[in-house]
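Novice: structure-v5.cif is reproduced below (mmCIF, C-alpha atoms).
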```cif
data_coords
loop_
_atom_site.label_atom_id
_atom_site.label_comp_id
_atom_site.auth_asym_id
_atom_site.auth_seq_id
_atom_site.Cartn_x
_atom_site.Cartn_y
_atom_site.Cartn_z
CA MET A 1 80.27 53.24 111.25
CA SER A 2 77.43 52.48 108.80
CA LYS A 3 77.41 53.72 105.23
CA THR A 4 74.53 56.07 106.06
CA ASN A 5 76.45 57.62 108.94
CA LYS A 6 79.53 57.99 106.78
CA ASN A 7 77.55 59.75 104.05
CA GLY A 8 75.83 62.00 106.56
CA SER A 9 79.10 62.76 108.33
CA PHE A 10 80.88 63.60 105.07
CA TRP A 11 78.06 65.87 103.93
CA HIS A 12 77.94 67.59 107.32
CA ARG A 13 81.72 68.21 107.31
CA LEU A 14 81.56 69.52 103.76
CA ILE A 15 78.70 71.94 104.42
CA SER A 16 80.06 73.13 107.76
CA ASN A 17 83.52 73.86 106.34
CA GLN A 18 83.99 77.63 106.15
CA MET A 19 85.71 77.37 102.78
CA PHE A 20 82.74 75.55 101.22
CA ILE A 21 80.74 78.60 100.07
CA PRO A 22 83.62 80.58 98.50
CA LEU A 23 84.92 77.41 96.82
CA LEU A 24 81.42 76.61 95.55
CA ALA A 25 81.08 80.14 94.19
CA LEU A 26 84.49 79.85 92.53
CA VAL A 27 83.53 76.56 90.87
CA LEU A 28 80.17 77.94 89.67
CA LEU A 29 81.79 81.01 88.14
CA ALA A 30 84.42 78.85 86.47
CA VAL A 31 81.79 76.51 85.02
CA ILE A 32 79.63 79.41 83.75
CA ASN A 33 82.61 80.97 81.99
CA LEU A 34 83.78 77.63 80.63
CA ILE A 35 80.37 77.03 79.06
CA THR A 36 79.80 80.52 77.70
CA ASP A 37 83.35 81.27 76.60
CA PRO A 38 86.19 78.74 76.95
CA GLY A 39 88.55 81.52 75.89
CA PHE A 40 87.99 83.10 79.28
CA PHE A 41 90.75 80.90 80.68
CA ARG A 42 93.24 81.61 77.89
CA ILE A 43 96.48 83.26 78.98
CA THR A 44 98.64 84.73 76.24
CA PRO A 45 101.97 86.58 76.25
CA THR A 46 101.71 90.16 75.00
CA VAL A 47 103.94 93.22 74.85
CA ASN A 48 102.87 96.10 77.12
CA ASN A 49 103.39 99.82 76.59
CA ALA A 50 106.86 99.63 78.14
CA GLY A 51 107.91 97.05 75.57
CA ASN A 52 108.04 94.17 78.06
CA THR A 53 106.55 90.73 77.46
CA VAL A 54 103.82 90.05 80.01
CA LEU A 55 101.01 87.57 80.50
CA SER A 56 97.53 88.75 79.53
CA GLY A 57 94.03 87.36 79.97
CA TYR A 58 90.99 87.40 82.22
CA LEU A 59 92.68 85.17 84.80
CA ILE A 60 95.64 87.54 85.00
CA THR A 61 93.22 90.42 85.55
CA ILE A 62 91.57 88.48 88.37
CA LEU A 63 94.92 87.78 89.99
CA ASP A 64 96.00 91.40 89.56
CA TYR A 65 92.99 93.23 90.98
CA GLY A 66 91.99 90.36 93.26
CA SER A 67 95.37 90.59 95.00
CA GLU A 68 94.72 94.24 95.72
CA LEU A 69 91.36 93.34 97.26
CA ALA A 70 92.86 90.40 99.19
CA ILE A 71 95.26 92.77 100.97
CA LEU A 72 92.34 94.88 102.18
CA ALA A 73 90.34 91.77 103.12
CA ILE A 74 93.09 90.81 105.60
CA GLY A 75 92.69 94.01 107.59
CA MET A 76 88.91 94.10 107.21
CA THR A 77 88.65 90.57 108.61
CA LEU A 78 90.54 91.53 111.77
CA VAL A 79 88.47 94.70 112.23
CA THR A 80 85.24 92.75 111.77
CA ALA A 81 86.30 89.99 114.15
CA ALA A 82 87.48 92.35 116.91
CA SER A 83 84.86 95.10 116.74
CA GLY A 84 81.80 93.35 115.34
CA GLY A 85 81.56 96.06 112.68
CA GLN A 86 83.12 97.20 109.44
CA ASP A 87 85.28 100.10 108.28
CA ILE A 88 83.53 101.91 105.42
CA SER A 89 86.26 104.56 105.11
CA VAL A 90 88.77 102.28 103.35
CA GLY A 91 88.39 103.89 99.91
CA ALA A 92 88.65 107.42 101.29
CA THR A 93 91.65 106.46 103.42
CA ILE A 94 93.37 105.06 100.32
CA ALA A 95 92.84 108.48 98.74
CA ILE A 96 94.40 110.22 101.77
CA ALA A 97 97.40 107.87 101.98
CA GLY A 98 97.90 108.00 98.21
CA SER A 99 97.71 111.78 98.15
CA ALA A 100 100.26 112.06 100.97
CA MET A 101 102.57 109.65 99.15
CA LEU A 102 102.30 111.69 95.94
CA HIS A 103 102.97 114.93 97.84
CA VAL A 104 106.21 113.50 99.23
CA LEU A 105 107.27 111.94 95.93
CA CYS A 106 106.65 115.10 93.91
CA GLY A 107 107.82 117.53 96.59
CA GLY A 108 104.56 119.46 96.45
CA VAL A 109 105.03 120.21 92.74
CA ALA A 110 102.34 119.14 90.28
CA ARG A 111 104.71 118.41 87.36
CA PRO A 112 108.19 117.66 88.73
CA THR A 113 111.02 116.61 86.42
CA GLU A 114 112.25 114.03 88.94
CA ILE A 115 111.03 112.52 92.18
CA ALA A 116 111.89 114.52 95.31
CA THR A 117 112.35 111.54 97.66
CA PRO A 118 112.90 107.78 97.30
CA VAL A 119 109.77 105.67 96.84
CA ILE A 120 110.42 103.80 100.09
CA VAL A 121 110.30 107.08 102.06
CA ALA A 122 107.03 108.08 100.39
CA PHE A 123 105.59 104.63 101.10
CA LEU A 124 106.57 104.89 104.78
CA VAL A 125 104.75 108.23 104.90
CA ALA A 126 101.68 106.52 103.42
CA CYS A 127 102.00 103.81 106.10
CA LEU A 128 102.16 106.50 108.79
CA VAL A 129 99.05 108.17 107.36
CA GLY A 130 97.27 104.80 107.24
CA ILE A 131 98.24 104.11 110.84
CA LEU A 132 96.99 107.53 111.97
CA CYS A 133 93.66 106.98 110.20
CA GLY A 134 93.46 103.54 111.81
CA LEU A 135 94.21 105.03 115.22
CA PHE A 136 91.51 107.65 114.71
CA ASN A 137 88.87 105.09 113.75
CA GLY A 138 90.05 102.63 116.38
CA ALA A 139 89.93 105.22 119.16
CA LEU A 140 86.36 106.19 118.27
CA VAL A 141 85.31 102.54 118.35
CA ALA A 142 87.35 101.21 121.28
CA ILE A 143 87.51 104.21 123.60
CA PHE A 144 84.39 106.18 122.80
CA LYS A 145 82.31 103.03 122.08
CA ILE A 146 80.94 104.33 118.77
CA GLN A 147 79.56 101.71 116.40
CA PRO A 148 82.29 101.02 113.77
CA MET A 149 80.22 101.92 110.72
CA ILE A 150 79.22 105.25 112.30
CA ALA A 151 82.76 105.97 113.52
CA THR A 152 84.30 105.37 110.10
CA LEU A 153 81.58 107.40 108.41
CA ILE A 154 83.59 110.51 109.37
CA LEU A 155 86.56 109.66 107.15
CA PHE A 156 84.23 108.15 104.56
CA THR A 157 82.60 111.58 104.22
CA ALA A 158 85.62 113.85 104.62
CA GLY A 159 88.49 111.65 103.43
CA ARG A 160 88.51 112.54 99.75
CA SER A 161 88.31 116.25 100.52
CA ILE A 162 91.29 115.86 102.86
CA ALA A 163 93.16 114.01 100.10
CA ALA A 164 92.50 116.85 97.64
CA TRP A 165 93.54 119.45 100.24
CA ILE A 166 96.93 117.76 100.76
CA ASN A 167 97.91 118.55 97.16
CA ASN A 168 95.95 121.81 96.85
CA ASN A 169 93.42 120.01 94.65
CA GLU A 170 96.12 119.42 92.02
CA LEU A 171 96.90 116.06 90.42
CA PRO A 172 100.67 115.48 90.73
CA ILE A 173 102.25 113.10 88.23
CA VAL A 174 105.24 110.98 89.22
CA PRO A 175 107.88 111.33 86.47
CA ASP A 176 109.81 108.15 87.29
CA PRO A 177 108.54 105.18 85.21
CA LYS A 178 109.95 102.76 87.77
CA PHE A 179 107.22 103.86 90.18
CA GLY A 180 104.73 102.14 87.88
CA TYR A 181 106.29 98.76 88.62
CA PHE A 182 104.33 98.41 91.88
CA GLY A 183 100.96 98.50 90.15
CA GLY A 184 102.12 96.97 86.89
CA PHE A 185 104.95 94.67 85.83
CA ILE A 186 108.62 94.48 86.68
CA PRO A 187 110.67 94.12 83.47
CA GLY A 188 111.49 90.47 82.87
CA ILE A 189 108.68 89.21 85.11
CA PRO A 190 105.45 88.49 83.19
CA ILE A 191 103.26 88.23 86.32
CA PRO A 192 101.72 91.40 87.86
CA THR A 193 103.70 92.81 90.77
CA THR A 194 100.51 92.98 92.84
CA VAL A 195 100.52 89.18 93.09
CA PHE A 196 103.91 89.24 94.82
CA ILE A 197 102.90 92.15 97.07
CA ALA A 198 99.76 90.28 98.14
CA ALA A 199 101.79 87.11 98.73
CA ALA A 200 104.18 89.06 100.97
CA CYS A 201 101.28 90.53 102.97
CA ILE A 202 99.67 87.09 103.33
CA ILE A 203 102.95 85.57 104.53
CA VAL A 204 103.43 88.36 107.07
CA ILE A 205 99.92 88.04 108.55
CA ALA A 206 100.23 84.24 108.56
CA LEU A 207 103.46 84.46 110.56
CA VAL A 208 101.93 87.02 112.93
CA LEU A 209 98.89 84.81 113.58
CA LYS A 210 101.08 81.73 113.99
CA PHE A 211 103.71 83.10 116.35
CA THR A 212 101.61 85.57 118.36
CA ASN A 213 98.30 85.44 120.19
CA LEU A 214 96.75 88.15 117.99
CA GLY A 215 94.27 85.75 116.39
CA LEU A 216 93.21 84.23 119.71
CA TYR A 217 92.86 87.61 121.42
CA THR A 218 90.94 89.07 118.47
CA GLN A 219 88.45 86.22 118.50
CA ALA A 220 88.10 86.40 122.29
CA VAL A 221 87.33 90.14 122.20
CA GLY A 222 84.87 89.69 119.35
CA ILE A 223 83.04 86.82 121.02
CA ASN A 224 82.78 88.31 124.51
CA GLU A 225 84.54 91.53 125.39
CA LYS A 226 83.79 91.33 129.11
CA SER A 227 85.04 87.77 129.45
CA SER A 228 88.22 88.58 127.54
CA ARG A 229 88.89 91.47 129.93
CA LEU A 230 88.48 89.13 132.91
CA ASN A 231 91.07 86.85 131.30
CA GLY A 232 93.66 89.62 131.13
CA ILE A 233 93.08 90.78 127.56
CA ASN A 234 92.75 94.50 126.89
CA PRO A 235 89.87 94.84 124.37
CA THR A 236 90.72 98.49 123.70
CA VAL A 237 94.25 97.65 122.57
CA ILE A 238 93.11 94.73 120.42
CA LYS A 239 90.44 96.77 118.63
CA ILE A 240 92.77 99.68 117.97
CA LEU A 241 95.47 97.26 116.78
CA ALA A 242 93.01 95.71 114.30
CA PHE A 243 92.23 99.15 112.84
CA VAL A 244 95.96 99.97 112.68
CA ILE A 245 96.65 96.76 110.74
CA LEU A 246 93.85 97.68 108.35
CA GLY A 247 95.48 101.11 108.01
CA LEU A 248 98.73 99.44 106.94
CA CYS A 249 96.82 97.31 104.43
CA VAL A 250 95.26 100.53 103.11
CA ALA A 251 98.73 102.05 102.66
CA VAL A 252 99.85 99.06 100.59
CA ALA A 253 96.67 99.30 98.49
CA ALA A 254 97.31 103.05 98.05
CA LEU A 255 100.80 102.32 96.72
CA ILE A 256 99.32 99.93 94.15
CA LYS A 257 96.46 102.24 93.18
CA VAL A 258 98.61 105.34 92.71
CA SER A 259 101.34 103.35 90.96
CA ARG A 260 98.93 102.13 88.27
CA LEU A 261 98.53 105.66 86.84
CA SER A 262 101.42 107.49 88.55
CA THR A 263 98.84 110.04 89.69
CA ILE A 264 95.54 110.19 91.57
CA ASN A 265 91.91 111.07 91.01
CA TYR A 266 90.54 111.95 94.42
CA SER A 267 86.87 111.29 93.66
CA VAL A 268 87.35 108.03 91.76
CA ILE A 269 90.32 106.22 93.28
CA ALA A 270 89.27 103.07 95.16
CA LYS A 271 85.62 104.06 94.86
CA ASP A 272 83.38 101.51 96.66
CA ILE A 273 86.34 99.19 97.27
CA GLU A 274 85.38 98.98 100.96
CA MET A 275 82.13 97.29 99.92
CA ASP A 276 84.03 94.62 97.99
CA ALA A 277 86.34 94.09 100.99
CA ILE A 278 83.34 93.65 103.31
CA LEU A 279 81.71 91.28 100.83
CA ALA A 280 84.93 89.25 100.68
CA VAL A 281 84.83 88.85 104.46
CA ALA A 282 81.15 87.86 104.37
CA LEU A 283 81.61 85.49 101.45
CA GLY A 284 84.41 83.83 103.39
CA GLY A 285 81.84 82.79 105.98
CA ASN A 286 83.09 85.14 108.69
CA ALA A 287 80.43 86.45 111.05
CA LEU A 288 79.96 90.18 110.48
CA SER A 289 78.98 90.46 114.14
CA GLY A 290 82.53 89.57 115.18
CA GLY A 291 84.25 86.65 116.85
CA LYS A 292 85.74 83.62 115.10
CA PHE A 293 87.35 84.35 111.76
CA ASN A 294 89.27 82.69 108.96
CA ILE A 295 91.77 84.88 107.10
CA TRP A 296 92.21 82.31 104.34
CA ALA A 297 88.47 82.23 103.62
CA SER A 298 88.42 86.03 103.35
CA ILE A 299 91.38 86.01 100.94
CA LEU A 300 89.66 83.41 98.80
CA GLY A 301 86.47 85.48 99.02
CA ALA A 302 88.38 88.49 97.66
CA TYR A 303 89.46 86.59 94.56
CA VAL A 304 85.92 85.24 94.09
CA ILE A 305 84.52 88.80 94.24
CA GLN A 306 87.04 89.89 91.60
CA PHE A 307 86.22 86.78 89.54
CA LEU A 308 82.56 87.85 89.67
CA THR A 309 83.39 91.45 88.73
CA THR A 310 85.53 90.37 85.78
CA THR A 311 82.82 87.95 84.61
CA LEU A 312 80.20 90.69 84.68
CA TYR A 313 82.46 92.99 82.68
CA LYS A 314 83.01 90.17 80.18
CA PHE A 315 79.25 89.94 79.70
CA GLN A 316 79.35 93.69 78.95
CA VAL A 317 77.32 94.70 81.98
CA SER A 318 77.37 98.48 82.21
CA SER A 319 79.28 100.02 85.10
CA ASP A 320 76.07 101.61 86.41
CA ALA A 321 74.33 98.23 86.66
CA LEU A 322 77.40 96.32 87.85
CA ALA A 323 76.71 96.90 91.53
CA ALA A 324 73.13 95.64 91.21
CA TYR A 325 74.14 92.41 89.46
CA LYS A 326 76.93 91.85 91.95
CA ALA A 327 74.59 92.49 94.90
CA VAL A 328 72.09 89.88 93.71
CA VAL A 329 74.73 87.21 93.27
CA VAL A 330 76.47 88.00 96.54
CA ILE A 331 73.16 88.01 98.48
CA VAL A 332 72.47 84.48 97.23
CA LEU A 333 75.95 83.33 98.21
CA VAL A 334 75.81 84.96 101.64
CA VAL A 335 72.36 83.45 102.31
CA PHE A 336 73.76 80.02 101.51
CA SER A 337 76.56 80.67 104.01
CA ALA A 338 74.07 81.42 106.82
CA PRO A 339 74.18 78.86 109.67
CA THR A 340 70.44 78.07 109.38
CA VAL A 341 70.74 77.33 105.66
CA ARG A 342 73.82 75.19 106.19
CA GLU A 343 72.05 73.28 108.94
CA TYR A 344 69.07 72.65 106.66
CA MET A 345 71.36 71.47 103.84
CA SER A 346 73.17 69.17 106.26
CA LYS A 347 69.89 67.61 107.42
CA LEU A 348 68.77 67.24 103.81
CA GLY A 349 72.01 65.45 103.00
CA LYS A 350 71.49 63.04 105.89
CA LYS A 351 67.95 62.29 104.72
CA LEU A 352 69.12 61.62 101.17
CA GLY A 353 71.84 59.38 102.52
CA ALA A 354 69.33 57.46 104.61
CA LYS A 355 67.01 56.98 101.60
CA LYS A 356 69.88 55.61 99.51
CA GLU A 357 70.78 53.19 102.29
CA VAL A 358 67.17 51.94 102.51
CA ALA A 359 67.00 51.53 98.73
#
```
Would you give me this structure, written as structure tokens?

Specialist:
Amino acid sequence: MSKTNKNGSFWHRLISNQMFIPLLALVLLAVINLITDPGFFRITPTVNNAGNTVLSGYLITILDYGSELAILAIGMTLVTAASGGQDISVGATIAIAGSAMLHVLCGGVARPTEIATPVIVAFLVACLVGILCGLFNGALVAIFKIQPMIATLILFTAGRSIAAWINNNELPIVPDPKFGYFGGFIPGIPIPTTVFIAAACIIVIALVLKFTNLGLYTQAVGINEKSSRLNGINPTVIKILAFVILGLCVAVAALIKVSRLSTINYSVIAKDIEMDAILAVALGGNALSGGKFNIWASILGAYVIQFLTTTLYKFQVSSDALAAYKAVVVIVLVVFSAPTVREYMSKLGKKLGAKKEVA
């Protein structure tokens, strides 16, 4: 193979790799922060309110909140791939699952002196609530053929009111400080617990995709539902299963969210987090119209989105303007991930390689 062909082939493989855009975005953000403030990457041990020594710094914040977003990106990727649409009720469903978990933990009392049930029982209730919400959304999409964004608009609109109704519009407070470990730090471990929770979720979904046909069936349904049915795959089951998995991811995120404050704010908790989860999927190069997907790219995209959010906060961008700044940056990144743009960049790389060879 000639040097020109090798250069062109390398450039084409680099551009066509699904991880290219999120990795490029990660590198750009790292370089910007390195130039403007090298201290951005400093990690220092500090003592938290509980008196434990923990690691602190912007990177720890990215790992902490990015892990929470990565968990949701797993489920959102499967929903997108199977249904060709997105679930916009994620934030509201977190509120419902979190409210149900608090109700069980506090026994329906706003200010209990001790928890009424073990945390594991309350978490299983949250998982059940997440599954039921997933079944509801999945049934509307798979059985009644409603477009996913319209189907999930129901819970998006009513979810936070349902969450408030579960606890009679009160804000229960969990009295057990150990409950805060899930959204904070375990004594003796300086790394946020959310990192380990996200790692566990990633390992589970990796094993599921490796040892089952879920990934293959999901892609088949997303690419061509009729063809997949002719090949013995039940599209209805696959779509509902994708929403159920997202419901479980929502329950895990609800545990983390509620654990951070040991209470809940129905109107604020997980506000707009579904948009970040969708952006993570898009930034990972996954087609929002469904079909082929890459879980790893979505997970990386989640951390890049959190990296971007943390960077904007560091530059003291107001919370009101944060969404606008983030939208501009993400639009640029998503445009660069478009197949037509990648094809143009690949052709440009081949031309540059040919000119170098001639020179």

Novice: I need the residue nearest Phe136 in chain A from this list: A:Lys351, A:Arg13, A:Lys257, A:Lys239. Use all atoms listed in the file for the distance.

Specialist: A:Lys239

Novice: Distance table requested - range 194-289 of chain A against range 24-37 of chain A, cut-off 12 Å, all atoms listed in the file: one row per qualifying residue with the closest atom pair and its distance in Å to one decimal, ordered by chain and rising residue number, as a tab-separated table.

Specialist:
```
residue	atom	partner	partner_atom	distance
A:Ala280	CA	A:Ala25	CA	11.8
A:Leu283	CA	A:Ala25	CA	9.0
A:Gly284	CA	A:Ala25	CA	10.5
```

Novice: Write to file, as a PDB file, keeping the file's coordinate frame, the residues of the selection just made, with C-alpha atoms.

Specialist:
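out.pdb written:
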```
ATOM      1  CA  ALA A 280      84.930  89.250 100.680  1.00  0.00           C
ATOM      2  CA  LEU A 283      81.610  85.490 101.450  1.00  0.00           C
ATOM      3  CA  GLY A 284      84.410  83.830 103.390  1.00  0.00           C
TER       4      GLY A 284
END
```

Novice: Tell me, as a ChimeraX atom specification, which residues lie within 7 Å of Asp64 in chain A, counting only C-alpha atoms; anything in the same chain fewer than 5 positions away does not count.

Specialist: /A:192,194-195

Novice: Applied to the shown file, which residues does the PyMOL selection byres ((chain A and resi 175-182) around 7) return, written as a list of chain:residue names?

Specialist: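 Selection result, ordered by chain and number: A:Pro112, A:Thr113, A:Glu114, A:Ile115, A:Ile173, A:Val174, A:Gly183, A:Gly184, A:Phe185, A:Ile186, A:Thr193, A:Thr194, A:Ile256, A:Ser259, A:Arg260, A:Ser262.
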
Novice: How many Å lie between CA of Met19 in chain A and CA of Gln306 in chain A, rounded to one decimal?

Specialist: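 CA of Gln306 in chain A lies 16.8 Å from CA of Met19 in chain A.
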
Novice: Which residues are near Gln147 in chain A? Cut-off 9 Å, only C-alpha atoms, ignore same chain within fewer than 6 positions. Put them as a compact mmCIF listing (two decimals) with C-alpha atoms, in the frame of the given file.

Specialist:
```txt
# COMPACT_ATOMS: atom_id res chain seq x y z
CA SER A 83 84.86 95.10 116.74
CA GLY A 84 81.80 93.35 115.34
CA GLY A 85 81.56 96.06 112.68
CA LEU A 140 86.36 106.19 118.27
CA VAL A 141 85.31 102.54 118.35
```

Novice: Figure out the distance between CA of Glu68 in chain A and CA of Ala253 in chain A, please, to one decimal in Å.

Specialist: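 Computing it gives 6.1 Å between the two atoms.
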
Novice: Using Å and a single decimal, report how far CA of Val104 in chain A sits from CA of Thr263 in chain A.

Specialist: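 Going from CA of Thr263 in chain A over to CA of Val104 in chain A, I get 12.5 Å.
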
Novice: Please evaluate the PyMOL selection byres ((chain A and resi 92) around 12) against the structure above and give the resulting residues as a PyMOL selection string.

Specialist: chain A and resi 87-91+93-99+130+133+152-164+247+250-251+253-254+265-274

Novice: Determine the residue set returned by the PyMOL selection byres ((chain A and resi 171) around 7) for the present structure, and present it as a ChimeraX atom specification.

Specialist: /A:110,169-170,172-173,263-264

Novice: With all atoms listed in the file as the atoms that count, which of A:Met76, A:Pro38, A:His103, A:Ala81 lies nearest to Glu225 in chain A?

Specialist: A:Ala81

Novice: I need the residue nearest Ser56 in chain A from this list: A:Gly39, A:Pro118, A:Pro190, A:Gly301. Use all atoms listed in the file for the distance.

Specialist: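 Smallest separation from Ser56 in chain A among the options: A:Pro190.
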
Novice: Any chance you could work out the axis-aligned box around range 205-220 of chain A, listed atoms only, 4 Å on each side, giving centre and edge lengths in Å to one decimal, as AutoDock Vina command-line options?

Specialist:
```
--center_x 95.9 --center_y 85.4 --center_z 115.4 --size_x 23.6 --size_y 15.3 --size_z 21.7
```
